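Structure data follow from query_6.txt (compact mmCIF, C-alpha atoms and all ligand atoms):
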# COMPACT_ATOMS: atom_id res chain seq x y z
CA MET B 8 0.00 0.00 0.00
CA THR B 9 1.30 3.44 -0.82
CA SER B 10 -0.11 6.59 0.70
CA ILE B 11 0.41 10.33 0.50
CA LEU B 12 3.55 11.10 2.45
CA PRO B 13 3.63 13.89 5.02
CA PRO B 14 5.54 16.98 3.80
CA GLY B 15 9.27 16.63 4.30
CA LEU B 16 9.38 12.83 3.91
CA GLU B 17 10.55 11.08 0.81
CA GLY B 18 11.51 7.64 -0.38
CA ASN B 19 9.95 4.37 -1.33
CA LEU B 20 7.83 3.96 1.80
CA VAL B 21 4.93 1.82 2.96
CA GLU B 22 2.76 3.25 5.70
CA TYR B 23 3.26 1.42 8.97
CA VAL B 24 1.33 3.47 11.50
CA GLN B 25 -0.18 6.94 11.71
CA GLY B 26 -2.34 8.92 14.09
CA GLY B 27 -3.41 12.30 15.36
CA VAL B 28 -5.30 15.13 13.75
CA GLY B 29 -4.85 18.53 12.12
CA ASP B 30 -2.69 19.91 9.36
CA TRP B 31 0.99 19.10 9.25
CA LEU B 32 2.92 22.06 10.68
CA PRO B 33 4.82 24.30 8.26
CA PHE B 34 8.62 24.58 8.49
CA ASN B 35 11.16 26.43 6.41
CA GLN B 36 14.37 24.65 7.33
CA LYS B 37 15.68 21.31 8.63
CA ARG B 38 18.48 21.08 11.21
CA PHE B 39 20.36 17.80 11.24
CA TYR B 40 20.87 15.66 14.35
CA THR B 41 22.04 12.09 14.93
CA ASN B 42 20.85 9.46 17.38
CA ALA B 43 22.77 6.18 17.83
CA PHE B 44 21.78 2.88 19.44
CA ILE B 45 23.82 -0.23 20.26
CA ILE B 46 21.81 -3.45 19.91
CA GLN B 47 23.21 -6.75 21.15
CA ASP B 48 21.30 -10.03 21.51
CA ASP B 49 18.03 -8.86 23.04
CA LYS B 50 19.46 -5.74 24.66
CA ILE B 51 19.66 -2.10 23.67
CA LEU B 52 21.90 0.59 25.14
CA LEU B 53 20.08 3.81 26.01
CA GLY B 54 21.23 6.87 27.90
CA MET B 55 19.43 8.94 30.50
CA LYS B 56 19.72 12.55 29.29
CA LYS B 57 21.12 14.56 32.18
CA ARG B 58 20.79 18.09 30.78
CA GLY B 59 19.38 20.24 28.00
CA PHE B 60 16.72 19.33 25.50
CA GLY B 61 14.95 16.06 26.38
CA ILE B 62 16.34 16.07 29.94
CA ASN B 63 15.25 13.10 32.11
CA LYS B 64 14.31 10.99 29.09
CA TYR B 65 16.08 7.87 27.87
CA ASN B 66 17.31 8.16 24.30
CA GLY B 67 20.05 7.06 21.95
CA PHE B 68 23.31 9.02 21.93
CA GLY B 69 23.51 11.95 19.55
CA GLY B 70 23.41 15.63 18.86
CA LYS B 71 23.91 18.26 16.20
CA VAL B 72 25.76 17.51 13.00
CA GLU B 73 28.67 19.98 12.81
CA PRO B 74 29.66 21.77 9.58
CA GLY B 75 31.93 19.60 7.41
CA GLU B 76 30.93 16.32 9.03
CA THR B 77 29.12 13.48 7.32
CA LEU B 78 26.11 12.12 9.20
CA THR B 79 28.02 8.95 10.08
CA GLN B 80 31.02 10.92 11.35
CA ALA B 81 28.71 13.03 13.52
CA ALA B 82 26.96 9.93 14.87
CA MET B 83 30.29 8.28 15.77
CA ARG B 84 31.64 11.45 17.39
CA GLU B 85 28.53 11.93 19.52
CA LEU B 86 28.50 8.26 20.58
CA LYS B 87 32.10 8.61 21.74
CA GLU B 88 31.49 11.94 23.51
CA GLU B 89 28.32 10.89 25.27
CA ALA B 90 28.85 7.15 25.97
CA GLY B 91 32.63 6.74 25.67
CA ILE B 92 32.46 3.98 23.04
CA ASP B 93 33.25 3.42 19.35
CA ALA B 94 30.96 1.44 17.07
CA PRO B 95 30.56 0.65 13.34
CA LEU B 96 27.33 2.63 13.09
CA GLU B 97 25.06 2.18 10.12
CA HIS B 98 22.12 4.30 9.07
CA ALA B 99 18.86 2.74 10.31
CA GLY B 100 16.12 5.31 9.84
CA SER B 101 15.10 8.96 9.78
CA LEU B 102 12.77 10.97 11.94
CA LEU B 103 11.45 14.43 11.15
CA PHE B 104 10.40 16.10 14.40
CA MET B 105 8.49 19.37 14.35
CA ALA B 106 7.52 21.48 17.36
CA LYS B 107 4.74 24.01 16.82
CA GLY B 108 6.07 27.56 16.59
CA ALA B 109 9.67 26.54 15.93
CA GLY B 110 9.60 27.26 12.19
CA TRP B 111 12.36 24.72 11.66
CA ALA B 112 12.32 20.94 11.95
CA PHE B 113 14.70 18.45 13.57
CA GLN B 114 15.91 15.96 10.97
CA ILE B 115 17.14 13.14 13.21
CA GLU B 116 19.22 10.49 11.45
CA ILE B 117 19.11 7.27 13.42
CA PHE B 118 22.04 4.87 13.48
CA SER B 119 22.65 1.46 15.02
CA ALA B 120 25.44 -1.07 15.51
CA HIS B 121 25.58 -4.62 16.82
CA SER B 122 29.09 -4.33 18.23
CA TYR B 123 31.17 -1.71 19.97
CA SER B 124 34.55 -1.22 21.59
CA GLY B 125 35.28 0.39 24.90
CA THR B 126 33.14 0.52 28.02
CA PRO B 127 29.91 2.49 28.14
CA THR B 128 30.74 5.35 30.49
CA GLU B 129 28.67 8.12 32.00
CA SER B 130 29.32 11.58 30.55
CA ASP B 131 28.12 15.07 31.52
CA GLU B 132 25.22 14.60 29.14
CA MET B 133 24.20 10.91 29.35
CA ARG B 134 24.15 7.97 31.76
CA PRO B 135 24.24 4.73 29.69
CA GLU B 136 22.10 1.76 30.74
CA TRP B 137 21.12 -1.53 29.08
CA PHE B 138 17.48 -2.46 28.53
CA SER B 139 15.89 -5.66 27.26
CA PHE B 140 13.48 -5.96 24.37
CA ALA B 141 12.91 -9.71 24.87
CA SER B 142 9.21 -10.57 25.23
CA SER B 143 9.92 -11.98 28.68
CA ALA B 144 11.71 -8.81 29.82
CA GLY B 145 10.74 -7.83 33.31
CA SER B 146 8.69 -10.96 33.99
CA ASP B 147 11.52 -12.90 35.56
CA ALA B 148 12.21 -11.92 39.16
CA ASP B 149 15.90 -12.63 38.54
CA ALA B 150 16.04 -10.44 35.46
CA ILE B 151 18.68 -7.81 35.90
CA VAL B 152 18.06 -6.03 32.62
CA PRO B 153 14.82 -4.03 32.77
CA PRO B 154 12.46 -3.67 29.79
CA ILE B 155 12.65 -0.66 27.47
CA PRO B 156 11.35 2.31 29.53
CA TYR B 157 8.91 3.76 26.99
CA GLU B 158 7.17 5.74 29.73
CA THR B 159 10.41 7.72 30.19
CA MET B 160 11.13 8.24 26.48
CA TRP B 161 9.84 10.53 23.73
CA ASP B 162 6.19 9.67 22.97
CA GLY B 163 6.80 8.57 19.39
CA ASP B 164 9.65 6.18 20.19
CA VAL B 165 7.23 3.34 20.99
CA HIS B 166 6.33 3.30 17.28
CA TRP B 167 9.76 3.12 15.71
CA LEU B 168 12.06 1.49 18.29
CA PRO B 169 10.54 -1.97 17.58
CA LEU B 170 11.39 -1.43 13.88
CA LEU B 171 14.93 -0.41 14.79
CA VAL B 172 15.59 -3.50 16.93
CA ARG B 173 14.43 -5.82 14.16
CA GLY B 174 16.54 -4.04 11.55
CA GLN B 175 13.64 -2.69 9.52
CA LYS B 176 14.55 0.67 7.95
CA PHE B 177 11.98 3.36 8.63
CA VAL B 178 11.12 7.00 8.03
CA GLY B 179 8.70 8.99 10.17
CA ARG B 180 7.39 12.38 11.05
CA ILE B 181 6.13 13.66 14.40
CA ASP B 182 4.44 17.02 14.94
CA SER B 183 4.05 18.25 18.48
CA VAL B 184 3.00 21.14 20.69
CA THR B 185 4.62 22.31 23.89
CA GLN B 186 2.38 21.84 26.92
CA ASP B 187 2.19 24.15 29.95
CA ASP B 188 4.62 21.88 31.82
CA GLY B 189 7.19 22.25 29.02
CA GLU B 190 6.71 18.67 27.79
CA PHE B 191 5.97 17.97 24.14
CA ALA B 192 2.69 16.30 23.19
CA MET B 193 2.33 14.64 19.79
CA THR B 194 -0.41 16.11 17.61
CA ARG B 195 0.16 14.00 14.53
CA HIS B 196 2.51 11.22 13.49
CA TRP B 197 3.23 9.01 10.50
CA PHE B 198 5.73 6.17 10.13
CA GLY B 199 6.59 4.11 7.11
CA THR B 200 8.96 1.29 6.40
CA VAL B 201 11.46 1.59 3.56
CA ILE B 202 10.99 -0.75 0.62
CA SER B 203 14.37 -1.91 -0.65
CA ASP B 204 15.11 -1.42 -4.34
CA ASN B 205 16.34 -4.96 -4.88
N1 LIG I 1 14.28 9.54 20.39
C1 LIG I 1 13.81 10.75 20.06
N2 LIG I 1 14.65 11.80 20.05
C2 LIG I 1 14.10 12.99 19.75
C3 LIG I 1 12.76 13.16 19.45
N3 LIG I 1 12.55 14.48 19.21
C4 LIG I 1 13.74 15.11 19.36
O1 LIG I 1 13.95 16.30 19.21
N4 LIG I 1 14.70 14.19 19.69
C5 LIG I 1 16.13 14.34 19.85
C6 LIG I 1 16.79 15.18 18.77
C7 LIG I 1 18.14 15.39 19.36
O2 LIG I 1 18.99 14.30 19.02
C8 LIG I 1 17.85 15.33 20.85
C9 LIG I 1 17.97 16.63 21.49
O3 LIG I 1 19.06 17.22 21.04
P1 LIG I 1 20.41 17.10 21.87
O4 LIG I 1 20.17 17.68 23.22
O5 LIG I 1 20.99 15.77 21.77
O6 LIG I 1 21.21 18.03 20.99
P2 LIG I 1 22.07 19.18 21.48
O7 LIG I 1 21.42 20.42 20.98
O8 LIG I 1 22.38 19.06 22.93
O9 LIG I 1 23.27 18.82 20.58
P3 LIG I 1 24.74 18.56 21.03
O10 LIG I 1 25.04 19.71 21.94
O11 LIG I 1 24.77 17.21 21.73
O12 LIG I 1 25.44 18.57 19.73
O13 LIG I 1 16.49 14.93 21.01
C10 LIG I 1 11.92 12.04 19.44
O14 LIG I 1 10.71 12.10 19.17
N5 LIG I 1 12.50 10.84 19.76
What's the structure tokens form of this structure?
Ligand SMILES: Nc1nc2c([nH]c(=O)n2[C@H]2C[C@H](O)[C@@H](COP(=O)(O)OP(=O)(O)OP(=O)(O)O)O2)c(=O)[nH]1
Amino acid sequence: MTSILPPGLEGNLVEYVQGGVGDWLPFNQKRFYTNAFIIQDDKILLGMKKRGFGINKYNGFGGKVEPGETLTQAAMRELKEEAGIDAPLEHAGSLLFMAKGAGWAFQIEIFSAHSYSGTPTESDEMRPEWFSFASSAGSDADAIVPPIPYETMWDGDVHWLPLLVRGQKFVGRIDSVTQDDGEFAMTRHWFGTVISDN
């Protein structure tokens, strides 16, 4: 099934999930960010954001792409700065995130790797922790790896993180408004999976 893509998304995509109401928000510019995840067996490495935008949420490791960097170089640099590790990151998906009133959109390029070197280490910005995405996660009293903490993550992550962990490339858009408490609430979202050309 093909469908009309939200503005700002492109590619050979099949709709996976969508929701919300209203017109897609206008934007006049995209700013590029990276977000990197390490996935091993049935575990994923997330970081608790200790400061700045998205504080007190678990997320991948990332930040702004600096002038002159490729997306992959930026993703590797941010992973090293924020988690203290190196990894052969590969592009895994893209997320266009729009906050009402901003005028510009976050273009977040998502990367993943199944191996890494070094030891995940707390930085000024992030505290790394492993989480399990096994179906039995959290049900075993002896389990020491907790399940993915969606309640402490960005609202839209519950839609695309399952695609990421099973290696399905995806593209999505999330529009949001800022609430009185400063938190973002999704107003509309759309996610599609990427159809490979071969
Ligand atoms: N997982 C996830 N991340 C999101 C969403 N929306 C959103 O802005 N983000 C990311 C984009 C950025 O990577 C991150 C916030 O930026 P950041 O705090 O890492 O960037 P920064 O400006 O501090 O950049 P830097 O100093 O680290 O370079 O939050 C979302 O819906 N899900």
Handout entry: Two-atom distance - atom CA of Ala99 of chain B, atom CA of Ser119 of chain B (Å)
Key = 6.2 Å
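Our summary of the geometry notes that atom CA of Tyr157 of chain B is positioned 19.3 Å from atom CA of Thr185 of chain B.
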Handout entry: Long-range neighbours of segment 57-65 of chain B as a PyMOL selection string, 10 Å cut-off, only C-alpha atoms, 3 positions minimum in chain
Key = chain B and resi 52-54+68+129-136+155-161+190-191
Between chain B and ligand LIG 1 (chain I), at 7 Å or less, what are the per-residue closest atom pairs and their distances in Å? Count all atoms listed in the file, order by chain and rising residue number, and return it as a tab-separated table.
residue	atom	partner	partner_atom	distance
B:Tyr40	CA	I:LIG1	O2	5.2
B:Thr41	CA	I:LIG1	O2	5.6
B:Asn42	CA	I:LIG1	O2	5.4
B:Gly59	CA	I:LIG1	O4	5.5
B:Phe60	CA	I:LIG1	O4	4.5
B:Gly61	CA	I:LIG1	O13	5.7
B:Asn66	CA	I:LIG1	N1	5.1
B:Gly67	CA	I:LIG1	N1	6.5
B:Gly69	CA	I:LIG1	O5	5.1
B:Gly70	CA	I:LIG1	O11	3.5
B:Lys71	CA	I:LIG1	O12	3.9
B:Val72	CA	I:LIG1	O12	6.8
B:Glu85	CA	I:LIG1	O11	6.8
B:Phe104	CA	I:LIG1	N3	5.5
B:Phe113	CA	I:LIG1	O1	6.1
B:Ile115	CA	I:LIG1	C6	5.9
B:Met160	CA	I:LIG1	N1	7.0
B:Trp161	CA	I:LIG1	N5	4.8
B:Asp162	CA	I:LIG1	O14	6.4
B:Gly163	CA	I:LIG1	O14	5.3
B:Asp164	CA	I:LIG1	N5	5.5
B:Ile181	CA	I:LIG1	O14	6.8
Exercise for the section: Just the residues within 12 Å of Asp182 of chain B, please, counting all atoms listed in the file, with nothing from its chain fewer than 2 positions along; format it as a ChimeraX atom specification. Expected result: /B:13-15,25-34,102-113,162-163,179-180,184-185,191-198
Could you dump the residues just selected with C-alpha atoms as a short mmCIF file (atom, residue, chain, number, x, y, z; two decimals), in the frame of the given file?
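And here's out.cif as it stands now:
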data_model
loop_
_atom_site.label_atom_id
_atom_site.label_comp_id
_atom_site.auth_asym_id
_atom_site.auth_seq_id
_atom_site.Cartn_x
_atom_site.Cartn_y
_atom_site.Cartn_z
CA PRO B 13 3.63 13.89 5.02
CA PRO B 14 5.54 16.98 3.80
CA GLY B 15 9.27 16.63 4.30
CA GLN B 25 -0.18 6.94 11.71
CA GLY B 26 -2.34 8.92 14.09
CA GLY B 27 -3.41 12.30 15.36
CA VAL B 28 -5.30 15.13 13.75
CA GLY B 29 -4.85 18.53 12.12
CA ASP B 30 -2.69 19.91 9.36
CA TRP B 31 0.99 19.10 9.25
CA LEU B 32 2.92 22.06 10.68
CA PRO B 33 4.82 24.30 8.26
CA PHE B 34 8.62 24.58 8.49
CA LEU B 102 12.77 10.97 11.94
CA LEU B 103 11.45 14.43 11.15
CA PHE B 104 10.40 16.10 14.40
CA MET B 105 8.49 19.37 14.35
CA ALA B 106 7.52 21.48 17.36
CA LYS B 107 4.74 24.01 16.82
CA GLY B 108 6.07 27.56 16.59
CA ALA B 109 9.67 26.54 15.93
CA GLY B 110 9.60 27.26 12.19
CA TRP B 111 12.36 24.72 11.66
CA ALA B 112 12.32 20.94 11.95
CA PHE B 113 14.70 18.45 13.57
CA ASP B 162 6.19 9.67 22.97
CA GLY B 163 6.80 8.57 19.39
CA GLY B 179 8.70 8.99 10.17
CA ARG B 180 7.39 12.38 11.05
CA VAL B 184 3.00 21.14 20.69
CA THR B 185 4.62 22.31 23.89
CA PHE B 191 5.97 17.97 24.14
CA ALA B 192 2.69 16.30 23.19
CA MET B 193 2.33 14.64 19.79
CA THR B 194 -0.41 16.11 17.61
CA ARG B 195 0.16 14.00 14.53
CA HIS B 196 2.51 11.22 13.49
CA TRP B 197 3.23 9.01 10.50
CA PHE B 198 5.73 6.17 10.13
#
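What separates atom CA of Asn35 of chain B from atom CA of Ser183 of chain B is a distance of 16.2 Å.
Residues near the point (28.8, -1.1, 16.9), at a distance of 6 Å or less over all atoms listed in the file, make up Ala94, Pro95, Leu96, Ala120, His121, Ser122 and Tyr123 of chain B.
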Fill in the blank from the handout: With distances taken over only C-alpha atoms, the candidate from B:Glu22, B:Ala43, B:Arg38, B:Pro127 nearest Gly91 of chain B is B:Pro127
Skip Ser142 of chain B itself and residues of its chain fewer than 5 positions away, then list as a PDB file with C-alpha atoms, in the frame of the given file all residues within 12 Å of it, counting all atoms listed in the file.
ATOM      1  CA  ASP B  49      18.030  -8.860  23.040  1.00  0.00           C
ATOM      2  CA  LYS B  50      19.460  -5.740  24.660  1.00  0.00           C
ATOM      3  CA  ASP B 147      11.520 -12.900  35.560  1.00  0.00           C
ATOM      4  CA  PRO B 153      14.820  -4.030  32.770  1.00  0.00           C
ATOM      5  CA  PRO B 154      12.460  -3.670  29.790  1.00  0.00           C
ATOM      6  CA  ILE B 155      12.650  -0.660  27.470  1.00  0.00           C
ATOM      7  CA  PRO B 169      10.540  -1.970  17.580  1.00  0.00           C
TER       8      PRO B 169
END
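The neighbours of Val152 of chain B here are the residues that come within 7 Å of it, using all atoms listed in the file and leaving out any residue fewer than 3 positions away in the same chain; they are Trp137, Phe138 and Ser139 of chain B.
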